[in-house]
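K.L.:
After the structure tokens below, expect a handful of questions from me.
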Amino acid sequence: MRDFRPKATFFFFFAASACLIPFLSLYFESLGMSGRQIGILVGAIPFINWLSAPVWGSWADTRQKHGLALRLAVVGALVGVLLMWSGGSFGRLFVAILIYSGFGAPIIPLIDNSVMNLLVGRKSEYSRIRLWGAVGWGLAATILGPILERAGLSWSFIGYLFFMSLLLVIVWQLPAAQASPSFSLRAGLQKLLTNRDFIILLAVALTQGLSLGVINTYLFLHLDALGATRTLMALSLTAATVAELIVWLVAARLLREWGMAWMLVAAMVGTAVRLFGYVWMPTPLWVLPISLLHAFTFAFFWSAGVAYADEVAPQGLSATAQTLFSGTSMGLGQALGALMGGFVYQQYGVIATFVVMGIVELLVLTMFLLLQQRELRARLAT
């Protein structure tokens, strides 16, 4: 795709996210929040995403207002972060979180939907456009680490506002082609939610979201307790991004050769190894090689999930399918991961948090292997 705008949307959004999301726990801790309060604040973000993203997607599909929905979402997210940056009590911060996450929830699903609609007949090119999100995340994380070391956490907010403002300029011009719905919203949802493979995909999405919720919320607290510097924390994001980039470059080929089921198996195995790796790392420096497993935790999982959600979506309801997929993983899954992790962290410490999530990941992997054994065997036979 020659149009630079889809690439730029991914780049700017993930650059902004890299500036803010990994450092929210540290920011709330610096304001005097307890472990449980941190869990509630950070866990509320994906939970609200889960509730609001499908609403945005359904409204955009039925009203054919995908461009307007995307612009409103970016503006609302900017307002929420400005309120969050102003600090204040736990209640004030929670209101800021409501605004930030309620508006920010549909941004990536709507961008995904727009890109997939532009790639008619060339949908395998999605991964090469999506990799620009990883580039944005990696560059922003690498640049921001030393700045935070010297100037403090306020620069995470400055970075977010800068990149999101650039995103707003781009999405104002982003094409949002969409076919008219061939089903009513109710009939389309019924068709989606009675599709066996889509339900299995949502179950895996929930599990991966749980793991990401635990990692994103508590990894830096674990590293901080081990004496890691802010620079090392930022470099762990860079390592994860490098691995993710490699997968995005070859994701289309992997999907063709492995199929969705084996891609999801690889994602869950890699995530379990990653979680237990954080438990057993002898020094903070080990976070760098372990974070390379983010290629499995996210890139393997997301490339398979977005492609399949688009494939099974009834005509004209692809934004709804994408927001259901995204909301289950980045919404409900991450919310439960952060909240569940907050309880375990408060009672038993951060090591126990990673152990519990690793066990959950292995249990769901076992169930997936049993449910999808026919498809997995068929793929091996080809």
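Starting from 1 in every chain, residues are counted up; chains themselves are A, B, ... following the order of the structure tokens, and ligands are numbered from 1 as listed.
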Hey, what does DSSP flag as alpha helix (DSSP H) within range 135-244 of chain A? Can you give it to me as a ChimeraX atom specification?

P.N.:
/A:135-151,154-171,185-193,196-225,230-244

K.L.:
Name all residues at most 9 Å from Val312 in chain A (count only C-alpha atoms; drop same-chain ones fewer than 5 positions away) and give them as a list in words.

P.N.:
Leu192, Asn195, Phe198, Ala307, Ser318 and Ala321 of chain A

K.L.:
Restricting it to N, CA and C atoms, dump the selection as a short mmCIF file (atom, residue, chain, number, x, y, z; two decimals), in the first residue's frame.

P.N.:
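The result, written out as part.cif:
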```cif
data_model
loop_
_atom_site.label_atom_id
_atom_site.label_comp_id
_atom_site.auth_asym_id
_atom_site.auth_seq_id
_atom_site.Cartn_x
_atom_site.Cartn_y
_atom_site.Cartn_z
N LEU A 192 -22.15 -14.13 14.52
CA LEU A 192 -20.78 -14.14 15.05
C LEU A 192 -20.66 -14.99 16.31
N ASN A 195 -20.70 -18.79 16.05
CA ASN A 195 -19.64 -19.39 15.24
C ASN A 195 -18.62 -20.04 16.19
N PHE A 198 -15.04 -18.71 16.14
CA PHE A 198 -14.93 -17.35 16.66
C PHE A 198 -15.01 -17.36 18.19
N ALA A 307 -7.01 -11.30 11.36
CA ALA A 307 -7.34 -11.90 10.06
C ALA A 307 -8.60 -12.75 10.17
N SER A 318 -17.73 -5.69 10.01
CA SER A 318 -16.35 -6.04 10.35
C SER A 318 -15.82 -5.22 11.52
N ALA A 321 -16.97 -7.02 14.59
CA ALA A 321 -16.16 -8.21 14.86
C ALA A 321 -14.81 -7.83 15.43
#
```

K.L.:
I want to know what sits within 6 Å of range 259-264 of chain A, based on only C-alpha atoms, with residues of the same chain fewer than 6 positions away left out; could you give that as a ChimeraX atom specification?

P.N.:
/A:300-301,304

K.L.:
Closest to Phe220 in chain A among A:Val350, A:Val360, A:Ile200, A:Ala266, using only C-alpha atoms?

P.N.:
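Ranked by minimum distance to Phe220 in chain A, first place goes to A:Val350.
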
K.L.:
Can you work out which one of A:Val171, A:Val95, A:Val115, A:Leu219 has the shortest atom-to-atom distance to Leu24 in chain A, counting only C-alpha atoms?

P.N.:
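Counting only C-alpha atoms, the residue closest to Leu24 in chain A is A:Leu219.
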
K.L.:
Given only C-alpha atoms as the basis, pick out the residue of A:Pro284, A:Gly342, A:Gly213, A:Gly227 nearest to Thr297 in chain A.

P.N.:
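Distance minimum relative to Thr297 in chain A lands on A:Gly213.
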
K.L.:
Under the rule that only C-alpha atoms are counted, which of A:Ser303, A:Thr217, A:Ser114, A:Gln322 is the nearest residue to Ala251 in chain A?

P.N.:
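Of A:Ser303, A:Thr217, A:Ser114, A:Gln322, the one nearest Ala251 in chain A, counting only C-alpha atoms, is A:Ser303.
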
K.L.:
Using CA of Trp248 in chain A and CA of Gly102 in chain A as the two end points, give the distance in Å to one decimal.

P.N.:
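Atom-to-atom, CA of Trp248 in chain A to CA of Gly102 in chain A, that is 28.3 Å.
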
K.L.:
Between A:Pro22, A:Gly104, A:Gly88, A:Gly133, single out the one closest to Phe10 in chain A, counting only C-alpha atoms.

P.N.:
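Closest to Phe10 in chain A, using only C-alpha atoms: A:Gly133.
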
K.L.:
Do you have, as a tab-separated table, the list of residues of range 93-176 of chain A lying at most 9 Å from range 325-336 of chain A, each with its nearest atom pair and that distance in Å to one decimal, counting only C-alpha atoms and ordered by chain then number?

P.N.:
```
residue	atom	partner	partner_atom	distance
A:Ala105	CA	A:Gly327	CA	7.6
A:Pro106	CA	A:Gly327	CA	8.4
A:Ile108	CA	A:Ser326	CA	8.2
A:Pro109	CA	A:Ser326	CA	6.5
```

K.L.:
If we count only C-alpha atoms and set the cut-off at 8 Å, which residues sit around Gly341 in chain A, ignoring sequence neighbours fewer than 5 positions away in its own chain? Please answer as a ChimeraX atom specification.

P.N.:
/A:39,214,218,336,353

K.L.:
Please produce a file of those selected residues containing N, CA and C atoms, as a compact mmCIF listing (two decimals), in the first residue's frame.

P.N.:
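The result, written out as part.txt:
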```
# COMPACT_ATOMS: atom_id res chain seq x y z
N GLY A 39 -4.06 -1.45 41.14
CA GLY A 39 -4.75 -2.51 40.41
C GLY A 39 -6.11 -2.05 39.89
N VAL A 214 -1.38 -8.76 33.34
CA VAL A 214 -0.43 -9.01 34.43
C VAL A 214 0.94 -8.45 34.09
N TYR A 218 2.42 -5.25 36.20
CA TYR A 218 3.28 -5.60 37.34
C TYR A 218 4.73 -5.89 36.99
N LEU A 336 -9.28 -8.13 33.86
CA LEU A 336 -9.24 -9.22 34.84
C LEU A 336 -7.82 -9.52 35.25
N THR A 353 2.12 -13.58 41.43
CA THR A 353 1.24 -13.09 40.37
C THR A 353 1.60 -13.71 39.03
```

K.L.:
What are the closest atom pairs, with distances in Å to one decimal, for each residue of range 17-73 of chain A lying within 12 Å of range 77-81 of chain A, using only C-alpha atoms, rows by chain and rising residue number, as a Markdown table?

P.N.:
```
| residue | atom | partner | partner_atom | distance |
| --- | --- | --- | --- | --- |
| A:Ser17 | CA | A:Ala77 | CA | 11.1 |
| A:Cys19 | CA | A:Val81 | CA | 11.8 |
| A:Leu20 | CA | A:Val81 | CA | 9.2 |
| A:Ile21 | CA | A:Val81 | CA | 10.9 |
| A:Leu24 | CA | A:Val81 | CA | 10.9 |
| A:Ile45 | CA | A:Gly80 | CA | 11.3 |
| A:Asn49 | CA | A:Ala77 | CA | 11.7 |
| A:Leu70 | CA | A:Ala77 | CA | 10.8 |
| A:Arg71 | CA | A:Ala77 | CA | 10.1 |
| A:Leu72 | CA | A:Ala77 | CA | 8.6 |
| A:Ala73 | CA | A:Ala77 | CA | 6.2 |
```

K.L.:
Looking at A:Leu237, A:Met33, A:Leu292, A:Val344, which one is nearest to Gly87 in chain A, with distances taken over only C-alpha atoms?

P.N.:
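Counting only C-alpha atoms, the residue closest to Gly87 in chain A is A:Met33.
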
K.L.:
Expressed in Å to a single decimal, how great is the separation between CA of Leu139 in chain A and CA of Asp112 in chain A?

P.N.:
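If I compute the distance from CA of Leu139 in chain A to CA of Asp112 in chain A, I get 21.4 Å.
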
K.L.:
Need the shell around Ile129 in chain A: protein/DNA/RNA residues with any atom at most 8 Å away, counting only C-alpha atoms. Skip same-chain ones fewer than 4 positions apart. Format as a list in words?

P.N.:
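Residues near the query, excluding close chain neighbours: Pro6, Lys7, Phe10 and Glu125 of chain A.
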
K.L.:
Restricted to N, CA and C atoms, what would the selected residues look like written as an mmCIF file, in the first residue's frame?

P.N.:
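Result file follows (selection-v3.cif):
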```cif
data_model
loop_
_atom_site.group_PDB
_atom_site.id
_atom_site.type_symbol
_atom_site.label_atom_id
_atom_site.label_comp_id
_atom_site.auth_asym_id
_atom_site.auth_seq_id
_atom_site.Cartn_x
_atom_site.Cartn_y
_atom_site.Cartn_z
ATOM 1 N N PRO A 6 -2.290 4.853 6.647
ATOM 2 C CA PRO A 6 -2.512 3.708 7.532
ATOM 3 C C PRO A 6 -1.266 3.354 8.357
ATOM 4 N N LYS A 7 -0.087 3.412 7.730
ATOM 5 C CA LYS A 7 1.146 3.137 8.461
ATOM 6 C C LYS A 7 1.367 4.171 9.566
ATOM 7 N N PHE A 10 -0.820 3.635 12.802
ATOM 8 C CA PHE A 10 -0.258 2.635 13.707
ATOM 9 C C PHE A 10 0.985 3.181 14.413
ATOM 10 N N GLU A 125 -1.315 -8.157 3.127
ATOM 11 C CA GLU A 125 -0.409 -7.028 3.343
ATOM 12 C C GLU A 125 -0.621 -6.363 4.705
#
```

K.L.:
Have a look at CA of Trp85 in chain A and CA of Phe157 in chain A and let me know their distance in Å, one decimal.

P.N.:
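Computing it gives 6.7 Å between the two atoms.
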